[in-house]
>>> print(open('upload-v9.pdb').read())   # PDB, C-alpha atoms, pLDDT in the B column
MODEL        1
ATOM      1  CA  MET A 415      94.983  15.669  39.276  1.00 84.00           C
ATOM      2  CA  THR A 416      91.913  15.464  37.046  1.00 94.00           C
ATOM      3  CA  LEU A 417      91.828  12.107  35.310  1.00 98.00           C
ATOM      4  CA  ARG A 418      90.074  11.548  31.986  1.00 98.00           C
ATOM      5  CA  VAL A 419      88.025   8.402  32.413  1.00 98.00           C
ATOM      6  CA  GLY A 420      86.323   6.069  29.961  1.00 98.00           C
ATOM      7  CA  ILE A 421      83.639   3.664  31.164  1.00 98.00           C
ATOM      8  CA  LEU A 422      82.885   0.545  29.143  1.00 98.00           C
ATOM      9  CA  THR A 423      79.865  -1.485  30.255  1.00 98.00           C
ATOM     10  CA  VAL A 424      79.992  -5.063  29.014  1.00 98.00           C
ATOM     11  CA  SER A 425      76.548  -6.662  28.986  1.00 97.00           C
ATOM     12  CA  ASP A 426      74.599  -8.494  26.300  1.00 97.00           C
ATOM     13  CA  ARG A 427      71.233  -7.509  27.797  1.00 96.00           C
ATOM     14  CA  ALA A 428      72.137  -3.847  28.347  1.00 97.00           C
ATOM     15  CA  ALA A 429      73.596  -3.619  24.827  1.00 97.00           C
ATOM     16  CA  ARG A 430      70.298  -4.967  23.425  1.00 96.00           C
ATOM     17  CA  GLY A 431      68.300  -2.504  25.552  1.00 96.00           C
ATOM     18  CA  GLU A 432      66.688  -5.290  27.589  1.00 97.00           C
ATOM     19  CA  ARG A 433      68.194  -4.110  30.864  1.00 95.00           C
ATOM     20  CA  GLU A 434      69.160  -0.689  32.114  1.00 96.00           C
ATOM     21  CA  ASP A 435      72.877  -0.172  32.681  1.00 97.00           C
ATOM     22  CA  LEU A 436      73.202   0.687  36.361  1.00 97.00           C
ATOM     23  CA  SER A 437      76.907  -0.051  36.843  1.00 98.00           C
ATOM     24  CA  GLY A 438      78.254   2.403  34.267  1.00 98.00           C
ATOM     25  CA  PRO A 439      76.318   5.342  35.765  1.00 98.00           C
ATOM     26  CA  ALA A 440      77.299   4.260  39.310  1.00 98.00           C
ATOM     27  CA  LEU A 441      80.971   4.320  38.320  1.00 98.00           C
ATOM     28  CA  ALA A 442      80.525   7.640  36.507  1.00 98.00           C
ATOM     29  CA  ASP A 443      78.958   9.166  39.609  1.00 98.00           C
ATOM     30  CA  ARG A 444      81.822   7.928  41.814  1.00 98.00           C
ATOM     31  CA  VAL A 445      84.451   9.161  39.336  1.00 98.00           C
ATOM     32  CA  GLU A 446      82.837  12.608  39.137  1.00 98.00           C
ATOM     33  CA  ARG A 447      82.628  12.844  42.947  1.00 97.00           C
ATOM     34  CA  GLU A 448      86.398  12.294  42.910  1.00 97.00           C
ATOM     35  CA  GLY A 449      86.716  15.357  40.663  1.00 97.00           C
ATOM     36  CA  TRP A 450      87.617  13.355  37.575  1.00 98.00           C
ATOM     37  CA  ARG A 451      85.996  13.690  34.146  1.00 98.00           C
ATOM     38  CA  VAL A 452      84.129  10.952  32.304  1.00 98.00           C
ATOM     39  CA  VAL A 453      85.111  11.643  28.697  1.00 98.00           C
ATOM     40  CA  VAL A 454      83.581   8.614  26.977  1.00 98.00           C
ATOM     41  CA  LYS A 455      81.009   5.928  27.841  1.00 98.00           C
ATOM     42  CA  ARG A 456      79.778   2.967  25.865  1.00 98.00           C
ATOM     43  CA  ILE A 457      77.752  -0.205  26.329  1.00 98.00           C
ATOM     44  CA  VAL A 458      78.893  -3.259  24.370  1.00 98.00           C
ATOM     45  CA  PRO A 459      77.837  -6.918  24.283  1.00 98.00           C
ATOM     46  CA  ASP A 460      79.949  -9.739  25.706  1.00 97.00           C
ATOM     47  CA  ASP A 461      81.908 -10.022  22.460  1.00 97.00           C
ATOM     48  CA  GLU A 462      85.680 -10.247  22.714  1.00 97.00           C
ATOM     49  CA  THR A 463      86.368  -8.489  19.401  1.00 98.00           C
ATOM     50  CA  ILE A 464      84.083  -5.558  20.196  1.00 98.00           C
ATOM     51  CA  ILE A 465      85.540  -5.165  23.698  1.00 98.00           C
ATOM     52  CA  ARG A 466      89.102  -5.295  22.373  1.00 98.00           C
ATOM     53  CA  GLU A 467      88.331  -2.735  19.671  1.00 98.00           C
ATOM     54  CA  ALA A 468      86.707  -0.294  22.125  1.00 98.00           C
ATOM     55  CA  LEU A 469      89.534  -0.528  24.659  1.00 98.00           C
ATOM     56  CA  SER A 470      92.239  -0.240  22.006  1.00 98.00           C
ATOM     57  CA  ALA A 471      90.596   2.709  20.267  1.00 98.00           C
ATOM     58  CA  TRP A 472      90.214   4.704  23.487  1.00 98.00           C
ATOM     59  CA  ALA A 473      93.762   3.971  24.673  1.00 98.00           C
ATOM     60  CA  ASP A 474      95.423   4.461  21.294  1.00 97.00           C
ATOM     61  CA  ALA A 475      93.657   7.792  20.693  1.00 97.00           C
ATOM     62  CA  ASP A 476      94.936   9.003  24.077  1.00 93.00           C
ATOM     63  CA  GLU A 477      91.337   9.871  25.009  1.00 92.00           C
ATOM     64  CA  CYS A 478      91.519   8.383  28.485  1.00 97.00           C
ATOM     65  CA  ASP A 479      94.026   8.211  31.309  1.00 98.00           C
ATOM     66  CA  LEU A 480      91.937   5.473  32.906  1.00 98.00           C
ATOM     67  CA  ILE A 481      89.419   3.045  31.435  1.00 98.00           C
ATOM     68  CA  LEU A 482      87.062   1.237  33.785  1.00 98.00           C
ATOM     69  CA  THR A 483      85.172  -1.750  32.459  1.00 98.00           C
ATOM     70  CA  THR A 484      82.158  -3.106  34.291  1.00 98.00           C
ATOM     71  CA  GLY A 485      80.740  -6.553  33.673  1.00 97.00           C
ATOM     72  CA  GLY A 486      81.883  -9.743  32.034  1.00 96.00           C
ATOM     73  CA  SER A 487      84.522 -10.673  34.603  1.00 96.00           C
ATOM     74  CA  GLY A 488      82.829 -13.578  36.374  1.00 93.00           C
ATOM     75  CA  PHE A 489      82.419 -17.292  35.709  1.00 95.00           C
ATOM     76  CA  ALA A 490      79.537 -17.268  33.212  1.00 94.00           C
ATOM     77  CA  PRO A 491      80.463 -18.709  29.811  1.00 94.00           C
ATOM     78  CA  ARG A 492      80.021 -15.283  28.118  1.00 94.00           C
ATOM     79  CA  ASP A 493      82.181 -13.456  30.712  1.00 96.00           C
ATOM     80  CA  ILE A 494      85.247 -12.678  28.584  1.00 97.00           C
ATOM     81  CA  THR A 495      86.195  -9.134  29.593  1.00 98.00           C
ATOM     82  CA  PRO A 496      89.472 -10.273  31.239  1.00 98.00           C
ATOM     83  CA  GLU A 497      90.487 -12.181  28.117  1.00 98.00           C
ATOM     84  CA  ALA A 498      89.675  -9.199  25.884  1.00 98.00           C
ATOM     85  CA  THR A 499      91.618  -6.904  28.209  1.00 98.00           C
ATOM     86  CA  ARG A 500      94.650  -9.200  28.339  1.00 98.00           C
ATOM     87  CA  ALA A 501      94.668  -9.396  24.544  1.00 98.00           C
ATOM     88  CA  ILE A 502      95.203  -5.629  24.166  1.00 98.00           C
ATOM     89  CA  ILE A 503      97.269  -4.577  27.184  1.00 98.00           C
ATOM     90  CA  GLN A 504     101.036  -4.363  26.972  1.00 98.00           C
ATOM     91  CA  ARG A 505     101.722  -4.870  30.671  1.00 98.00           C
ATOM     92  CA  GLU A 506      99.605  -6.236  33.512  1.00 97.00           C
ATOM     93  CA  ALA A 507      99.063  -4.391  36.790  1.00 98.00           C
ATOM     94  CA  PRO A 508      98.214  -7.341  39.031  1.00 98.00           C
ATOM     95  CA  GLY A 509      98.415  -5.414  42.299  1.00 98.00           C
ATOM     96  CA  LEU A 510      95.262  -3.476  41.462  1.00 98.00           C
ATOM     97  CA  ALA A 511      93.206  -6.609  40.757  1.00 97.00           C
ATOM     98  CA  GLU A 512      94.637  -8.302  43.867  1.00 97.00           C
ATOM     99  CA  ALA A 513      93.776  -5.287  46.039  1.00 98.00           C
ATOM    100  CA  MET A 514      90.214  -5.185  44.707  1.00 97.00           C
ATOM    101  CA  ARG A 515      89.663  -8.898  45.356  1.00 97.00           C
ATOM    102  CA  ALA A 516      91.168  -8.640  48.847  1.00 97.00           C
ATOM    103  CA  ALA A 517      88.931  -5.689  49.762  1.00 97.00           C
ATOM    104  CA  SER A 518      85.844  -7.372  48.310  1.00 95.00           C
ATOM    105  CA  LEU A 519      86.586 -10.613  50.109  1.00 95.00           C
ATOM    106  CA  LYS A 520      85.984  -8.783  53.394  1.00 95.00           C
ATOM    107  CA  MET A 521      82.398  -8.163  52.203  1.00 92.00           C
ATOM    108  CA  THR A 522      81.506 -11.344  50.317  1.00 91.00           C
ATOM    109  CA  PRO A 523      83.028 -14.774  49.686  1.00 92.00           C
ATOM    110  CA  HIS A 524      81.925 -14.361  46.057  1.00 92.00           C
ATOM    111  CA  ALA A 525      84.832 -11.928  45.567  1.00 92.00           C
ATOM    112  CA  MET A 526      87.088 -14.896  44.912  1.00 92.00           C
ATOM    113  CA  LEU A 527      85.040 -15.570  41.783  1.00 94.00           C
ATOM    114  CA  SER A 528      86.128 -12.298  40.184  1.00 94.00           C
ATOM    115  CA  ARG A 529      88.496 -12.799  37.277  1.00 97.00           C
ATOM    116  CA  GLY A 530      89.017  -9.083  36.634  1.00 97.00           C
ATOM    117  CA  VAL A 531      92.433  -7.887  35.532  1.00 98.00           C
ATOM    118  CA  ALA A 532      94.190  -4.537  35.289  1.00 98.00           C
ATOM    119  CA  GLY A 533      96.832  -3.465  32.846  1.00 98.00           C
ATOM    120  CA  ILE A 534      98.463  -0.785  30.773  1.00 98.00           C
ATOM    121  CA  ARG A 535      98.165   0.022  27.091  1.00 98.00           C
ATOM    122  CA  ARG A 536     100.406   2.872  26.019  1.00 97.00           C
ATOM    123  CA  ARG A 537      99.737   5.569  28.662  1.00 97.00           C
ATOM    124  CA  THR A 538      96.283   4.321  29.654  1.00 98.00           C
ATOM    125  CA  LEU A 539      95.440   2.215  32.679  1.00 98.00           C
ATOM    126  CA  ILE A 540      92.604  -0.276  32.149  1.00 98.00           C
ATOM    127  CA  VAL A 541      90.843  -1.859  35.146  1.00 98.00           C
ATOM    128  CA  ASN A 542      88.083  -4.487  35.064  1.00 98.00           C
ATOM    129  CA  MET A 543      85.311  -3.978  37.625  1.00 97.00           C
ATOM    130  CA  PRO A 544      82.453  -6.315  38.566  1.00 97.00           C
ATOM    131  CA  GLY A 545      79.110  -5.949  36.813  1.00 96.00           C
ATOM    132  CA  SER A 546      76.984  -5.030  39.815  1.00 95.00           C
ATOM    133  CA  PRO A 547      76.747  -1.319  40.696  1.00 97.00           C
ATOM    134  CA  LYS A 548      77.607  -1.991  44.354  1.00 96.00           C
ATOM    135  CA  GLY A 549      80.535  -4.273  43.487  1.00 96.00           C
ATOM    136  CA  ALA A 550      81.872  -1.914  40.839  1.00 97.00           C
ATOM    137  CA  VAL A 551      81.920   1.084  43.184  1.00 98.00           C
ATOM    138  CA  GLU A 552      83.339  -0.936  46.098  1.00 97.00           C
ATOM    139  CA  ASN A 553      86.144  -2.206  43.866  1.00 97.00           C
ATOM    140  CA  LEU A 554      86.881   1.278  42.573  1.00 98.00           C
ATOM    141  CA  ASP A 555      86.975   2.581  46.144  1.00 98.00           C
ATOM    142  CA  ALA A 556      89.532  -0.124  47.011  1.00 98.00           C
ATOM    143  CA  VAL A 557      92.067   1.264  44.516  1.00 98.00           C
ATOM    144  CA  ILE A 558      91.002   4.861  43.911  1.00 98.00           C
ATOM    145  CA  ALA A 559      93.733   6.402  46.072  1.00 97.00           C
ATOM    146  CA  ALA A 560      96.481   4.796  43.941  1.00 97.00           C
ATOM    147  CA  LEU A 561      95.080   5.683  40.513  1.00 98.00           C
ATOM    148  CA  PRO A 562      96.264   9.312  40.159  1.00 97.00           C
ATOM    149  CA  HIS A 563      99.832   8.301  41.042  1.00 96.00           C
ATOM    150  CA  ALA A 564      99.655   5.390  38.591  1.00 97.00           C
ATOM    151  CA  VAL A 565      98.576   7.772  35.821  1.00 97.00           C
ATOM    152  CA  GLN A 566     101.326  10.251  36.722  1.00 96.00           C
ATOM    153  CA  LEU A 567     103.885   7.471  36.363  1.00 96.00           C
ATOM    154  CA  LEU A 568     102.440   6.388  33.008  1.00 96.00           C
ATOM    155  CA  GLN A 569     102.611   9.970  31.757  1.00 93.00           C
ATOM    156  CA  GLU A 570     106.172  10.350  33.066  1.00 90.00           C
ATOM    157  CA  ASP A 571     105.062  13.360  35.081  1.00 86.00           C
ATOM    158  CA  PRO A 572     108.130  14.787  36.912  1.00 83.00           C
ATOM    159  CA  GLN A 573     105.880  15.398  39.945  1.00 80.00           C
ATOM    160  CA  ALA A 574     105.138  11.654  40.237  1.00 78.00           C
ATOM    161  CA  GLU A 575     108.152  10.870  42.372  1.00 75.00           C
ATOM    162  CA  LYS A 576     107.464  13.827  44.663  1.00 72.00           C
ATOM    163  CA  ASN A 577     104.008  12.388  45.383  1.00 57.00           C
ATOM    164  CA  HIS A 578     105.379   8.942  46.160  1.00 56.00           C
TER     165      HIS A 578
ENDMDL
END
>>> encode(input="upload-v9.pdb", output="structure tokens")
Amino acid sequence: MTLRVGILTVSDRAARGEREDLSGPALADRVEREGWRVVVKRIVPDDETIIREALSAWADADECDLILTTGGSGFAPRDITPEATRAIIQREAPGLAEAMRAASLKMTPHAMLSRGVAGIRRRTLIVNMPGSPKGAVENLDAVIAALPHAVQLLQEDPQAEKNH
């Protein structure tokens, strides 16, 4: 199954052009190696309204099966990606966030500081990833095997139950 993926980098400095976005391209590379298509990418500042608007627009336009965010999910005062995500999703998918934290915890004790969430808006799955390229790809790898089946279920694909 070829998923249509959107990648939203959340970073004040990258949005201002003061720092190169490394996490978005790292996720895009991993997604493309999986055989999926990156259909939209954007860099936004740590602004809850802007994040909410980007996520909602992509999900509501049915542009993406999966949206990966990177950045803004830690403890810093401006890290509000989880709050922005929660504000626009209709249902949470806590197992994905739990699996990512559990896998990351095997590599670093800092994994317990991740506040990333995952959830569903309409037929789009949205997953918050850490802001570092290494952490983002490691977290994606922790859940990547489950994502096509999740999308099949969201799209009510009759083949979904056969792949269970």
>>> residues_near_point(input="upload-v9.pdb", point="(96.7, 0.8, 28.9)", cutoff="8 Å", atoms="only C-alpha atoms", output="PDB file with C-alpha atoms, keeping the file's coordinate frame")
ATOM      1  CA  ALA A 473      93.762   3.971  24.673  1.00 98.00           C
ATOM      2  CA  LEU A 480      91.937   5.473  32.906  1.00 98.00           C
ATOM      3  CA  ILE A 503      97.269  -4.577  27.184  1.00 98.00           C
ATOM      4  CA  GLN A 504     101.036  -4.363  26.972  1.00 98.00           C
ATOM      5  CA  ARG A 505     101.722  -4.870  30.671  1.00 98.00           C
ATOM      6  CA  GLY A 533      96.832  -3.465  32.846  1.00 98.00           C
ATOM      7  CA  ILE A 534      98.463  -0.785  30.773  1.00 98.00           C
ATOM      8  CA  ARG A 535      98.165   0.022  27.091  1.00 98.00           C
ATOM      9  CA  ARG A 536     100.406   2.872  26.019  1.00 97.00           C
ATOM     10  CA  ARG A 537      99.737   5.569  28.662  1.00 97.00           C
ATOM     11  CA  THR A 538      96.283   4.321  29.654  1.00 98.00           C
ATOM     12  CA  LEU A 539      95.440   2.215  32.679  1.00 98.00           C
ATOM     13  CA  ILE A 540      92.604  -0.276  32.149  1.00 98.00           C
TER      14      ILE A 540
END
>>> closest_residue(input="upload-v9.pdb", among="A:Val453, A:Leu436, A:Leu469, A:Ala428", to="Thr416 in chain A", atoms="only C-alpha atoms")
A:Val453
>>> residues_around(input="upload-v9.pdb", residues="Ser518 in chain A", least_positions_apart="6", cutoff="8 Å", atoms="all atoms listed in the file", output="list in words")
Ala525, Gly549, Glu552 and Asn553 of chain A
>>> atom_distance(input="upload-v9.pdb", atom1="CA of Ile457 in chain A", atom2="CA of Phe489 in chain A")
20.0 Å
>>> closest_residue(input="upload-v9.pdb", among="A:Leu554, A:Pro544, A:Pro496, A:Glu467", to="Arg444 in chain A", atoms="all atoms listed in the file")
A:Leu554
>>> closest_residue(input="upload-v9.pdb", among="A:Leu482, A:Ile465, A:Ala556, A:Ala440", to="Met521 in chain A", atoms="only C-alpha atoms")
A:Ala556
>>> closest_residue(input="upload-v9.pdb", among="A:Gly431, A:Pro572, A:Pro508, A:Gly488", to="His524 in chain A", atoms="only C-alpha atoms")
A:Gly488
>>> residues_around(input="upload-v9.pdb", residues="Leu561 in chain A", least_positions_apart="2", cutoff="12 Å", atoms="all atoms listed in the file", output="JSON, numbers by chain")
{"A": [415, 416, 417, 418, 419, 445, 448, 450, 479, 480, 481, 482, 507, 509, 510, 532, 538, 539, 540, 541, 554, 555, 556, 557, 558, 559, 563, 564, 565, 566, 567, 568, 574]}
>>> closest_residue(input="upload-v9.pdb", among="A:Ser437, A:Ser487, A:Thr423, A:Gln569", to="Leu527 in chain A", atoms="only C-alpha atoms")
A:Ser487
>>> resolve_selection(input="upload-v9.pdb", expression="the PyMOL selection byres ((chain A and resi 466) around 8)", output="list in words")
Glu462, Thr463, Ile464, Ile465, Glu467, Ala468, Leu469, Ser470, Ala498, Thr499, Ala501 and Ile502 of chain A
>>> closest_residue(input="upload-v9.pdb", among="A:Met514, A:Asp474, A:Val458, A:Arg447", to="Arg430 in chain A", atoms="only C-alpha atoms")
A:Val458
>>> atom_distance(input="upload-v9.pdb", atom1="CA of Arg456 in chain A", atom2="CA of Ile421 in chain A")
6.6 Å
>>> atom_distance(input="upload-v9.pdb", atom1="CA of Ala511 in chain A", atom2="CA of Val531 in chain A")
5.4 Å
